[in-house]
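> A single structure is presented below for examination.
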Amino acid sequence: MKNLYYLAIDIGASSGRHILGHVEDGVLKLEEIYRFKNGATEVNGSLLWDDKSLFENIVAGIKKCSEIGKIPYGIGIDTWGVDYALLDENDNRISEVFCYRDSRTSSIMDEVHSIASESELYERTGIQKQVFNTVYQLYCDKKSGKLKNAKSFLMVPDYFHFLLTGVKKNEYTNASTTGLLNAKTRDWDYELIERLGYDKSLFKPLSLPGTVVGDLLPEIAKEVGFNAKVILPATHDTASAVMAVPNENMPLYISSGTWSLMGIETLNENTTDIANKSGFTNEGGYNKSVRFLKNIMGLWMIQCIKKEYDDKYSFVDFVDHARKVTDFNSIVDVNDDSFFAPKSMITAVKDYCAKTNQQIPETVGEIVLCVYQSLAKEYKETVDQIECITGEKFDCINIVGGGCQNVLLNELTAKWTNRPVVTGPIEATATGNLLSQLLCTGEIKNLAEGKALIRRSFEVKEIN
């Protein structure tokens, strides 16, 4: 199968995009054909995803392929992790799809830990304790009675694949973010699941990236104007992004976007006490590899600040303002809980500086420079921790994703870490999504061949 089109549907916390890809003359060519906004909405005090609107946009973007006369052989969807849909015996969704930033789990974590302690959960699953982890969200559903009628559990991209095909599959990389997979076996930890009072029949056998889900349902095919195969990418967006890191041999990476996911891809899990205390998590990668990484707050802080200024400033404007600042060195802990979902990010940054007896940022440039400097400092500390824990040394940092376009942050990262920074590809998640589909059809034989394709196809820049 040569020169086929493939459609990567990459949905993030703030937007989604449909990107067509095909290989031509040994180069992977991308074309964005559809883009839409996303964002959690507060409904009756709960923070929810509008899954109906998201699916309408998924279908509208697929239909665009027909309108421009470029029909994909394969379609795959990736999203963020931890969030999910529950279906009843008639495959109707139970309740709403909660956003990971909703506060419902904060009061039940201790109850979960009374059944399985924090240290035991980490030793078993390798997943860092986060208030939004699926293991805690499901406990809320158990206490509210929602689990009683649940017959299927599908992560968000699994749910959308089901709506397209009528076929239910639990994909490995996204399932790995739940805190319910055994880090050693790379499979559901059914003993833990039963101890927590969850019906183990909800959790179906895991499928790997590159697996065919099925054809489009007849009604979907009729609406979009064609049929296609739905093919599992690495449905967790970071797992797809890491596939697109152009360097081989366990590169050190930052997948830079709303979150900064910084780590390495390795064959072995690390569930040691020092890894736990240092804040590292073990998530699934392509071919059941392990992404040993740290979740860092990332450009979420800048996105919130931009919104508070009513989008008066572009991201480029922010960089321009920050470059004009002299003699301002305040630093915040970007992983502090106060920055997770504040009513005002600007106020949260100022308050943190005040309580730590630092200069309080007042101008636009000072506020955003404070965030950029703080991110770069966190990256430096994370590099040091990874090298200490693994015993490996890394001579450069690969930054992929939309955040790699922030030249100032890249320069600060190179300065703080004392390492060259290699940036690109920008559309790393969509590119990794497409690689899984190319692997499925045999257009590329293995991931190493896919990385060589990326190096031929996209410009990468080095910042010293």
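Each chain in the structure tokens gets a letter, A, B and so on, in the order shown; residues start at 1 in every chain, and ligands are counted from 1 in the order they appear.
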So that I can see what lies close to range 361-371 of chain A, please list as a VMD selection string the residues with an atom at most 10 Å from it, counting only C-alpha atoms and leaving out residues fewer than 4 positions away in the same chain.
chain A and resid 298 to 299 301 to 302 305 to 306 309 313 315 317 to 334 345 to 347 349 to 351 353 to 354 375 to 377 408 to 409
> Output N, CA and C atoms of each residue in that selection to a file, as a short mmCIF file (atom, residue, chain, number, x, y, z; two decimals), in the first residue's frame.

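Below is the file out09.cif, written as the result:
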data_model
loop_
_atom_site.label_atom_id
_atom_site.label_comp_id
_atom_site.auth_asym_id
_atom_site.auth_seq_id
_atom_site.Cartn_x
_atom_site.Cartn_y
_atom_site.Cartn_z
N GLY A 298 3.69 23.41 32.37
CA GLY A 298 3.79 23.76 30.96
C GLY A 298 3.14 25.08 30.59
N LEU A 299 2.82 25.20 29.30
CA LEU A 299 2.33 26.47 28.76
C LEU A 299 0.86 26.73 29.10
N MET A 301 0.01 27.78 31.87
CA MET A 301 0.08 29.04 32.60
C MET A 301 0.04 30.24 31.63
N ILE A 302 0.79 30.14 30.54
CA ILE A 302 0.80 31.21 29.54
C ILE A 302 -0.56 31.30 28.83
N ILE A 305 -2.86 33.17 31.11
CA ILE A 305 -2.52 34.60 31.16
C ILE A 305 -3.00 35.29 29.89
N LYS A 306 -2.82 34.64 28.76
CA LYS A 306 -3.28 35.20 27.48
C LYS A 306 -4.79 35.44 27.49
N TYR A 309 -5.87 38.44 29.52
CA TYR A 309 -5.69 39.70 28.80
C TYR A 309 -6.63 39.80 27.60
N TYR A 313 -2.87 40.03 23.46
CA TYR A 313 -1.50 39.75 23.06
C TYR A 313 -1.41 38.36 22.45
N PHE A 315 1.10 35.02 21.34
CA PHE A 315 2.24 34.39 22.00
C PHE A 315 3.54 35.06 21.57
N ASP A 317 3.79 38.24 20.81
CA ASP A 317 3.81 39.50 21.58
C ASP A 317 4.37 39.26 22.98
N PHE A 318 3.95 38.16 23.59
CA PHE A 318 4.45 37.84 24.93
C PHE A 318 5.98 37.73 24.94
N VAL A 319 6.52 37.03 23.94
CA VAL A 319 7.97 36.89 23.85
C VAL A 319 8.64 38.25 23.67
N ASP A 320 8.07 39.08 22.82
CA ASP A 320 8.63 40.41 22.59
C ASP A 320 8.65 41.23 23.88
N HIS A 321 7.56 41.18 24.63
CA HIS A 321 7.50 41.91 25.90
C HIS A 321 8.52 41.36 26.91
N ALA A 322 8.65 40.04 26.96
CA ALA A 322 9.58 39.43 27.92
C ALA A 322 11.02 39.78 27.59
N ARG A 323 11.36 39.87 26.31
CA ARG A 323 12.73 40.19 25.91
C ARG A 323 13.13 41.61 26.33
N LYS A 324 12.17 42.47 26.49
CA LYS A 324 12.46 43.87 26.85
C LYS A 324 12.69 44.05 28.35
N VAL A 325 12.42 43.02 29.12
CA VAL A 325 12.55 43.11 30.58
C VAL A 325 14.02 42.97 30.98
N THR A 326 14.46 43.82 31.87
CA THR A 326 15.81 43.70 32.41
C THR A 326 15.73 43.62 33.94
N ASP A 327 16.67 42.89 34.51
CA ASP A 327 16.81 42.83 35.97
C ASP A 327 15.53 42.36 36.67
N PHE A 328 14.99 41.22 36.18
CA PHE A 328 13.85 40.60 36.87
C PHE A 328 14.11 39.10 36.93
N ASN A 329 14.20 38.55 38.13
CA ASN A 329 14.63 37.15 38.29
C ASN A 329 13.73 36.32 39.18
N SER A 330 12.51 36.75 39.44
CA SER A 330 11.62 35.97 40.30
C SER A 330 11.26 34.64 39.64
N ILE A 331 11.18 33.61 40.47
CA ILE A 331 10.92 32.24 40.01
C ILE A 331 9.79 31.66 40.84
N VAL A 332 8.86 30.96 40.18
CA VAL A 332 7.80 30.23 40.89
C VAL A 332 7.97 28.74 40.65
N ASP A 333 7.40 27.95 41.54
CA ASP A 333 7.35 26.50 41.35
C ASP A 333 6.16 26.20 40.45
N VAL A 334 6.42 25.92 39.17
CA VAL A 334 5.33 25.76 38.21
C VAL A 334 4.43 24.58 38.53
N MET A 345 -4.67 33.32 36.86
CA MET A 345 -3.28 32.87 36.84
C MET A 345 -2.34 34.02 37.15
N ILE A 346 -2.68 35.22 36.69
CA ILE A 346 -1.84 36.38 36.97
C ILE A 346 -1.74 36.61 38.48
N THR A 347 -2.89 36.56 39.15
CA THR A 347 -2.90 36.73 40.61
C THR A 347 -2.13 35.61 41.30
N VAL A 349 0.42 33.92 40.17
CA VAL A 349 1.86 34.15 40.00
C VAL A 349 2.32 35.25 40.95
N LYS A 350 1.57 36.33 41.02
CA LYS A 350 1.95 37.44 41.91
C LYS A 350 1.93 37.01 43.37
N ASP A 351 0.90 36.27 43.75
CA ASP A 351 0.79 35.83 45.14
C ASP A 351 1.94 34.91 45.52
N CYS A 353 4.98 34.90 44.25
CA CYS A 353 6.18 35.72 44.41
C CYS A 353 6.15 36.48 45.73
N ALA A 354 4.96 36.96 46.10
CA ALA A 354 4.84 37.72 47.35
C ALA A 354 5.13 36.84 48.56
N LEU A 375 9.80 27.74 34.09
CA LEU A 375 9.75 26.49 33.33
C LEU A 375 11.16 26.00 33.02
N ALA A 376 12.04 26.89 32.57
CA ALA A 376 13.41 26.49 32.24
C ALA A 376 14.13 25.94 33.46
N LYS A 377 13.92 26.57 34.61
CA LYS A 377 14.53 26.07 35.85
C LYS A 377 14.01 24.68 36.19
N LEU A 408 12.20 32.05 22.78
CA LEU A 408 12.73 32.52 24.05
C LEU A 408 12.79 31.40 25.08
N LEU A 409 11.73 30.62 25.18
CA LEU A 409 11.73 29.51 26.13
C LEU A 409 12.80 28.49 25.76
#
> Which polymer residues have any atom within 7 Å of an atom of range 250-254 of chain A, counting only C-alpha atoms, with same-chain residues fewer than 4 positions away left out, as a PyMOL selection string?
chain A and resi 260-266+394+397-400
> List every residue of range 229-313 of chain A that DSSP, applied to the backbone, labels as strand (DSSP E), and write the result as a ChimeraX atom specification.
/A:229-231,252-256,260-266,281-284,290-296
> From range 282-410 of chain A, collect each residue whose DSSP state is alpha helix (DSSP H) and return the set as an MDAnalysis selection string.
chainID A and resid 300:308 315:323 345:355 364:390 407:410
> Within 8 Å of Ala13 in chain A, counting only C-alpha atoms, which residues qualify if same-chain residues fewer than 3 places away don't, as number ranges by chain?
A: 38-40, 80, 258
> Keeping only all heavy atoms, write the selected residues as a compact mmCIF listing (two decimals), in the first residue's frame.

# COMPACT_ATOMS: atom_id res chain seq x y z
N ASN A 38 -11.57 23.71 21.58
CA ASN A 38 -12.00 22.82 22.64
C ASN A 38 -11.77 23.53 23.97
O ASN A 38 -11.05 24.52 24.05
CB ASN A 38 -11.22 21.50 22.60
CG ASN A 38 -11.74 20.48 23.59
OD1 ASN A 38 -12.92 20.51 23.95
ND2 ASN A 38 -10.89 19.57 24.03
N GLY A 39 -12.38 23.03 24.99
CA GLY A 39 -12.20 23.59 26.32
C GLY A 39 -13.26 23.05 27.24
O GLY A 39 -14.40 22.78 26.82
N ALA A 40 -12.89 22.85 28.48
CA ALA A 40 -13.86 22.35 29.46
C ALA A 40 -14.86 23.45 29.82
O ALA A 40 -14.53 24.64 29.80
CB ALA A 40 -13.14 21.86 30.70
N TRP A 80 -5.77 13.78 25.09
CA TRP A 80 -5.11 13.74 26.40
C TRP A 80 -5.44 12.42 27.10
O TRP A 80 -6.23 11.60 26.59
CB TRP A 80 -5.60 14.93 27.24
CG TRP A 80 -7.09 14.91 27.48
CD1 TRP A 80 -7.74 14.41 28.56
CD2 TRP A 80 -8.12 15.37 26.59
NE1 TRP A 80 -9.10 14.53 28.41
CE2 TRP A 80 -9.36 15.12 27.20
CE3 TRP A 80 -8.10 15.96 25.32
CZ2 TRP A 80 -10.58 15.43 26.60
CZ3 TRP A 80 -9.32 16.29 24.72
CH2 TRP A 80 -10.54 16.03 25.37
N THR A 258 0.25 22.42 26.36
CA THR A 258 -0.45 22.77 27.60
C THR A 258 0.31 22.24 28.81
O THR A 258 0.47 22.90 29.82
CB THR A 258 -1.88 22.23 27.58
OG1 THR A 258 -2.57 22.78 26.45
CG2 THR A 258 -2.63 22.59 28.84
> What is the CA of Lys461 in chain A-CA of Ile11 in chain A distance in Å, reported with one decimal?
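CA of Ile11 in chain A lies at a distance of 25.7 Å from CA of Lys461 in chain A.
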> For range 422-431 of chain A, work out the shell of residues within 6 Å, counting only C-alpha atoms and skipping chain neighbours fewer than 3 positions away, then give it as number ranges by chain.
A: 8, 10, 237, 240-241, 244, 398-402, 404, 434, 460-462
> Would you write out those residues with all heavy atoms, as a compact mmCIF listing (two decimals), in the first residue's frame?

# COMPACT_ATOMS: atom_id res chain seq x y z
N ALA A 8 -4.92 12.10 10.63
CA ALA A 8 -4.66 12.16 12.07
C ALA A 8 -5.56 13.22 12.68
O ALA A 8 -5.54 14.38 12.26
CB ALA A 8 -3.20 12.51 12.33
N ASP A 10 -6.06 15.06 16.00
CA ASP A 10 -5.32 15.32 17.24
C ASP A 10 -6.10 16.35 18.05
O ASP A 10 -6.25 17.49 17.64
CB ASP A 10 -3.93 15.84 16.88
CG ASP A 10 -3.15 16.35 18.08
OD1 ASP A 10 -3.39 15.83 19.19
OD2 ASP A 10 -2.32 17.27 17.90
N ASP A 237 -1.86 11.52 23.50
CA ASP A 237 -1.17 12.46 22.63
C ASP A 237 0.33 12.51 22.88
O ASP A 237 1.12 12.61 21.93
CB ASP A 237 -1.79 13.86 22.73
CG ASP A 237 -2.00 14.35 24.17
OD1 ASP A 237 -1.48 13.73 25.10
OD2 ASP A 237 -2.71 15.36 24.32
N SER A 240 2.07 9.58 21.16
CA SER A 240 2.24 9.84 19.73
C SER A 240 3.35 10.85 19.50
O SER A 240 4.17 10.70 18.58
CB SER A 240 0.93 10.35 19.11
OG SER A 240 0.11 9.27 18.70
N ALA A 241 3.40 11.90 20.32
CA ALA A 241 4.43 12.93 20.16
C ALA A 241 5.82 12.34 20.34
O ALA A 241 6.76 12.68 19.60
CB ALA A 241 4.20 14.07 21.14
N ALA A 244 7.38 10.71 17.47
CA ALA A 244 7.87 11.63 16.44
C ALA A 244 9.17 12.33 16.83
O ALA A 244 9.69 13.14 16.05
CB ALA A 244 6.80 12.67 16.12
N ASN A 398 15.57 17.24 23.16
CA ASN A 398 14.68 17.33 22.00
C ASN A 398 13.34 17.91 22.45
O ASN A 398 12.68 17.35 23.33
CB ASN A 398 14.44 15.95 21.39
CG ASN A 398 15.70 15.33 20.82
OD1 ASN A 398 15.98 15.42 19.64
ND2 ASN A 398 16.49 14.70 21.69
N ILE A 399 12.94 19.03 21.86
CA ILE A 399 11.65 19.63 22.19
C ILE A 399 10.76 19.51 20.96
O ILE A 399 11.11 19.97 19.87
CB ILE A 399 11.78 21.10 22.61
CG1 ILE A 399 12.74 21.25 23.78
CG2 ILE A 399 10.41 21.66 22.98
CD1 ILE A 399 12.89 22.66 24.31
N VAL A 400 9.60 18.87 21.15
CA VAL A 400 8.65 18.69 20.05
C VAL A 400 7.31 19.28 20.47
O VAL A 400 7.06 19.55 21.64
CB VAL A 400 8.49 17.20 19.68
CG1 VAL A 400 9.81 16.62 19.20
CG2 VAL A 400 7.95 16.39 20.86
N GLY A 401 6.44 19.46 19.50
CA GLY A 401 5.11 19.99 19.78
C GLY A 401 5.05 21.49 19.56
O GLY A 401 6.04 22.16 19.29
N GLY A 402 3.84 22.04 19.72
CA GLY A 402 3.62 23.45 19.46
C GLY A 402 4.50 24.37 20.26
O GLY A 402 4.90 25.44 19.79
N CYS A 404 7.51 24.14 20.94
CA CYS A 404 8.89 24.25 20.45
C CYS A 404 9.07 25.48 19.57
O CYS A 404 10.19 25.83 19.20
CB CYS A 404 9.32 22.99 19.71
SG CYS A 404 8.75 22.84 18.00
N LEU A 434 0.23 9.55 12.65
CA LEU A 434 0.35 9.05 11.27
C LEU A 434 1.34 7.90 11.17
O LEU A 434 1.13 6.96 10.38
CB LEU A 434 0.77 10.19 10.34
CG LEU A 434 -0.26 11.31 10.16
CD1 LEU A 434 0.36 12.52 9.48
CD2 LEU A 434 -1.46 10.82 9.36
N VAL A 460 14.54 20.64 11.63
CA VAL A 460 14.82 20.71 13.06
C VAL A 460 15.90 21.77 13.27
O VAL A 460 16.79 21.94 12.43
CB VAL A 460 15.28 19.35 13.63
CG1 VAL A 460 14.16 18.32 13.54
CG2 VAL A 460 16.53 18.85 12.94
N LYS A 461 15.78 22.49 14.36
CA LYS A 461 16.71 23.58 14.66
C LYS A 461 17.45 23.28 15.95
O LYS A 461 16.87 22.73 16.89
CB LYS A 461 15.96 24.91 14.77
CG LYS A 461 15.23 25.32 13.50
CD LYS A 461 14.46 26.62 13.70
CE LYS A 461 13.70 27.02 12.44
NZ LYS A 461 12.92 28.27 12.65
N GLU A 462 18.71 23.70 16.00
CA GLU A 462 19.51 23.51 17.22
C GLU A 462 19.81 24.87 17.83
O GLU A 462 20.22 25.81 17.14
CB GLU A 462 20.81 22.78 16.93
CG GLU A 462 21.63 22.51 18.18
CD GLU A 462 22.78 21.55 17.96
OE1 GLU A 462 22.61 20.55 17.24
OE2 GLU A 462 23.86 21.81 18.53
> Skipping near chain neighbours, those fewer than 4 positions away, what residues fall within 9 Å of range 51-68 of chain A using only C-alpha atoms, listed as a VMD selection string?
chain A and resid 7 9 11 16 to 18 20 33 to 38 72 75 77 96 to 97 156 160 163 to 164 220 223 to 226
> Could the residues in this selection be written to a file with C-alpha atoms, as a tab-separated table (two decimals), in the first residue's frame?

chain	number	residue	atom	x	y	z
A	7	LEU	CA	-5.99	11.31	8.61
A	9	ILE	CA	-7.24	13.75	14.37
A	11	ILE	CA	-7.46	16.79	20.03
A	16	GLY	CA	-8.34	20.00	17.81
A	17	ARG	CA	-7.05	19.61	14.31
A	18	HIS	CA	-7.43	17.22	11.38
A	20	LEU	CA	-3.88	14.66	6.34
A	33	ILE	CA	-7.63	20.62	6.68
A	34	TYR	CA	-9.78	21.42	9.72
A	35	ARG	CA	-9.36	23.04	13.12
A	36	PHE	CA	-11.76	23.60	16.00
A	37	LYS	CA	-11.78	24.93	19.52
A	38	ASN	CA	-12.00	22.82	22.64
A	72	PRO	CA	-7.88	8.75	3.55
A	75	ILE	CA	-8.23	7.55	10.38
A	77	ILE	CA	-7.76	9.90	16.96
A	96	GLU	CA	-21.07	13.30	31.51
A	97	VAL	CA	-17.42	13.15	30.52
A	156	VAL	CA	-11.94	9.51	25.49
A	160	PHE	CA	-14.76	8.47	19.78
A	163	LEU	CA	-18.80	6.25	17.88
A	164	LEU	CA	-17.15	6.08	14.45
A	220	ILE	CA	-21.03	7.88	9.32
A	223	GLU	CA	-22.49	11.51	6.10
A	224	VAL	CA	-18.82	12.03	5.26
A	225	GLY	CA	-19.08	10.64	1.72
A	226	PHE	CA	-16.68	7.68	1.92
> Any idea what's packed within 9 Å of Gln437 in chain A, counting only C-alpha atoms, ignoring anything in its chain fewer than 3 positions away? Could you give it as a JSON list (two decimals) with N, CA, C and O atoms, in the first residue's frame?

[["chain", "number", "residue", "atom", "x", "y", "z"],
["A", 6, "TYR", "N", -3.65, 9.39, 4.94],
["A", 6, "TYR", "CA", -4.06, 9.01, 6.29],
["A", 6, "TYR", "C", -4.48, 10.28, 7.01],
["A", 6, "TYR", "O", -3.89, 11.35, 6.82],
["A", 7, "LEU", "N", -5.48, 10.15, 7.89],
["A", 7, "LEU", "CA", -5.99, 11.31, 8.61],
["A", 7, "LEU", "C", -5.70, 11.17, 10.09],
["A", 7, "LEU", "O", -6.17, 10.22, 10.73],
["A", 8, "ALA", "N", -4.92, 12.10, 10.63],
["A", 8, "ALA", "CA", -4.66, 12.16, 12.07],
["A", 8, "ALA", "C", -5.56, 13.22, 12.68],
["A", 8, "ALA", "O", -5.54, 14.38, 12.26],
["A", 74, "GLY", "N", -6.85, 5.52, 6.15],
["A", 74, "GLY", "CA", -6.95, 5.32, 7.59],
["A", 74, "GLY", "C", -7.27, 6.59, 8.33],
["A", 74, "GLY", "O", -6.95, 7.70, 7.88],
["A", 75, "ILE", "N", -7.89, 6.44, 9.49],
["A", 75, "ILE", "CA", -8.23, 7.55, 10.38],
["A", 75, "ILE", "C", -7.89, 7.14, 11.81],
["A", 75, "ILE", "O", -8.21, 6.02, 12.23],
["A", 76, "GLY", "N", -7.23, 8.02, 12.56],
["A", 76, "GLY", "CA", -6.93, 7.72, 13.96],
["A", 76, "GLY", "C", -7.06, 8.97, 14.81],
["A", 76, "GLY", "O", -6.74, 10.07, 14.37],
["A", 209, "PRO", "N", -1.08, 0.33, 19.43],
["A", 209, "PRO", "CA", -1.07, 1.22, 18.27],
["A", 209, "PRO", "C", -0.77, 0.44, 16.99],
["A", 209, "PRO", "O", 0.07, -0.46, 17.00],
["A", 210, "GLY", "N", -1.46, 0.80, 15.93],
["A", 210, "GLY", "CA", -1.32, 0.09, 14.67],
["A", 210, "GLY", "C", -2.38, -0.97, 14.46],
["A", 210, "GLY", "O", -2.43, -1.61, 13.40],
["A", 211, "THR", "N", -3.27, -1.15, 15.43],
["A", 211, "THR", "CA", -4.37, -2.12, 15.32],
["A", 211, "THR", "C", -5.55, -1.48, 14.57],
["A", 211, "THR", "O", -5.90, -0.34, 14.83],
["A", 212, "VAL", "N", -6.15, -2.24, 13.67],
["A", 212, "VAL", "CA", -7.35, -1.76, 12.98],
["A", 212, "VAL", "C", -8.54, -1.91, 13.93],
["A", 212, "VAL", "O", -8.79, -2.99, 14.47],
["A", 231, "ILE", "N", -7.87, 3.27, 12.49],
["A", 231, "ILE", "CA", -6.66, 2.60, 12.93],
["A", 231, "ILE", "C", -6.18, 3.24, 14.22],
["A", 231, "ILE", "O", -6.10, 4.47, 14.32],
["A", 232, "LEU", "N", -5.88, 2.43, 15.22],
["A", 232, "LEU", "CA", -5.42, 2.97, 16.49],
["A", 232, "LEU", "C", -4.05, 3.61, 16.33],
["A", 232, "LEU", "O", -3.09, 2.94, 15.93],
["A", 233, "PRO", "N", -3.92, 4.90, 16.64],
["A", 233, "PRO", "CA", -2.59, 5.45, 16.86],
["A", 233, "PRO", "C", -2.21, 5.17, 18.31],
["A", 233, "PRO", "O", -2.94, 4.45, 19.01],
["A", 432, "GLY", "N", 3.24, 11.52, 14.93],
["A", 432, "GLY", "CA", 3.30, 10.20, 15.56],
["A", 432, "GLY", "C", 2.05, 9.39, 15.30],
["A", 432, "GLY", "O", 2.11, 8.17, 15.09],
["A", 433, "ASN", "N", 0.89, 10.05, 15.32],
["A", 433, "ASN", "CA", -0.38, 9.40, 14.99],
["A", 433, "ASN", "C", -0.29, 8.78, 13.59],
["A", 433, "ASN", "O", -0.64, 7.60, 13.38],
["A", 434, "LEU", "N", 0.23, 9.55, 12.65],
["A", 434, "LEU", "CA", 0.35, 9.05, 11.27],
["A", 434, "LEU", "C", 1.34, 7.90, 11.17],
["A", 434, "LEU", "O", 1.13, 6.96, 10.38],
["A", 440, "CYS", "N", 0.88, 0.28, 10.39],
["A", 440, "CYS", "CA", -0.21, -0.68, 10.23],
["A", 440, "CYS", "C", -0.28, -1.20, 8.79],
["A", 440, "CYS", "O", -0.46, -2.40, 8.57],
["A", 441, "THR", "N", -0.13, -0.30, 7.83],
["A", 441, "THR", "CA", -0.27, -0.70, 6.43],
["A", 441, "THR", "C", 1.04, -1.18, 5.81],
["A", 441, "THR", "O", 1.04, -1.66, 4.68],
["A", 442, "GLY", "N", 2.14, -1.04, 6.54],
["A", 442, "GLY", "CA", 3.42, -1.51, 6.03],
["A", 442, "GLY", "C", 4.18, -0.51, 5.18],
["A", 442, "GLY", "O", 5.20, -0.85, 4.59],
["A", 443, "GLU", "N", 3.70, 0.74, 5.12],
["A", 443, "GLU", "CA", 4.44, 1.75, 4.37],
["A", 443, "GLU", "C", 5.79, 2.03, 5.02],
["A", 443, "GLU", "O", 6.74, 2.45, 4.35]]
> Which residues are close to range 141-145 of chain A, i.e. within 12 Å by only C-alpha atoms, leaving aside same-chain residues fewer than 6 positions away? Reply as a PyMOL selection string.
chain A and resi 84-86+94-98+104-105+107-108+111-112+134-135+153+196-199
> So, counting only C-alpha atoms, which residue among A:Ala448, A:His161, A:Asn249, A:Pro342 is closest to Glu392 in chain A?
A:Asn249
> Which is closest to Ser15 in chain A among A:Gly257, A:Leu217, A:Asn464, A:Asp384, if we use only C-alpha atoms?
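Closest to Ser15 in chain A of all the choices is A:Gly257.
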> As an exercise, work out the distance from CA of Thr173 in chain A to CA of Thr238 in chain A in Å and give it to one decimal place.
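Straight-line distance from CA of Thr173 in chain A to CA of Thr238 in chain A works out to 9.1 Å.
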> Given only C-alpha atoms as the basis, pick out the residue of A:Val43, A:Ser207, A:Asp189, A:Asp25 nearest to Asn3 in chain A.
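That would be A:Asp25, the residue with the smallest distance to Asn3 in chain A.
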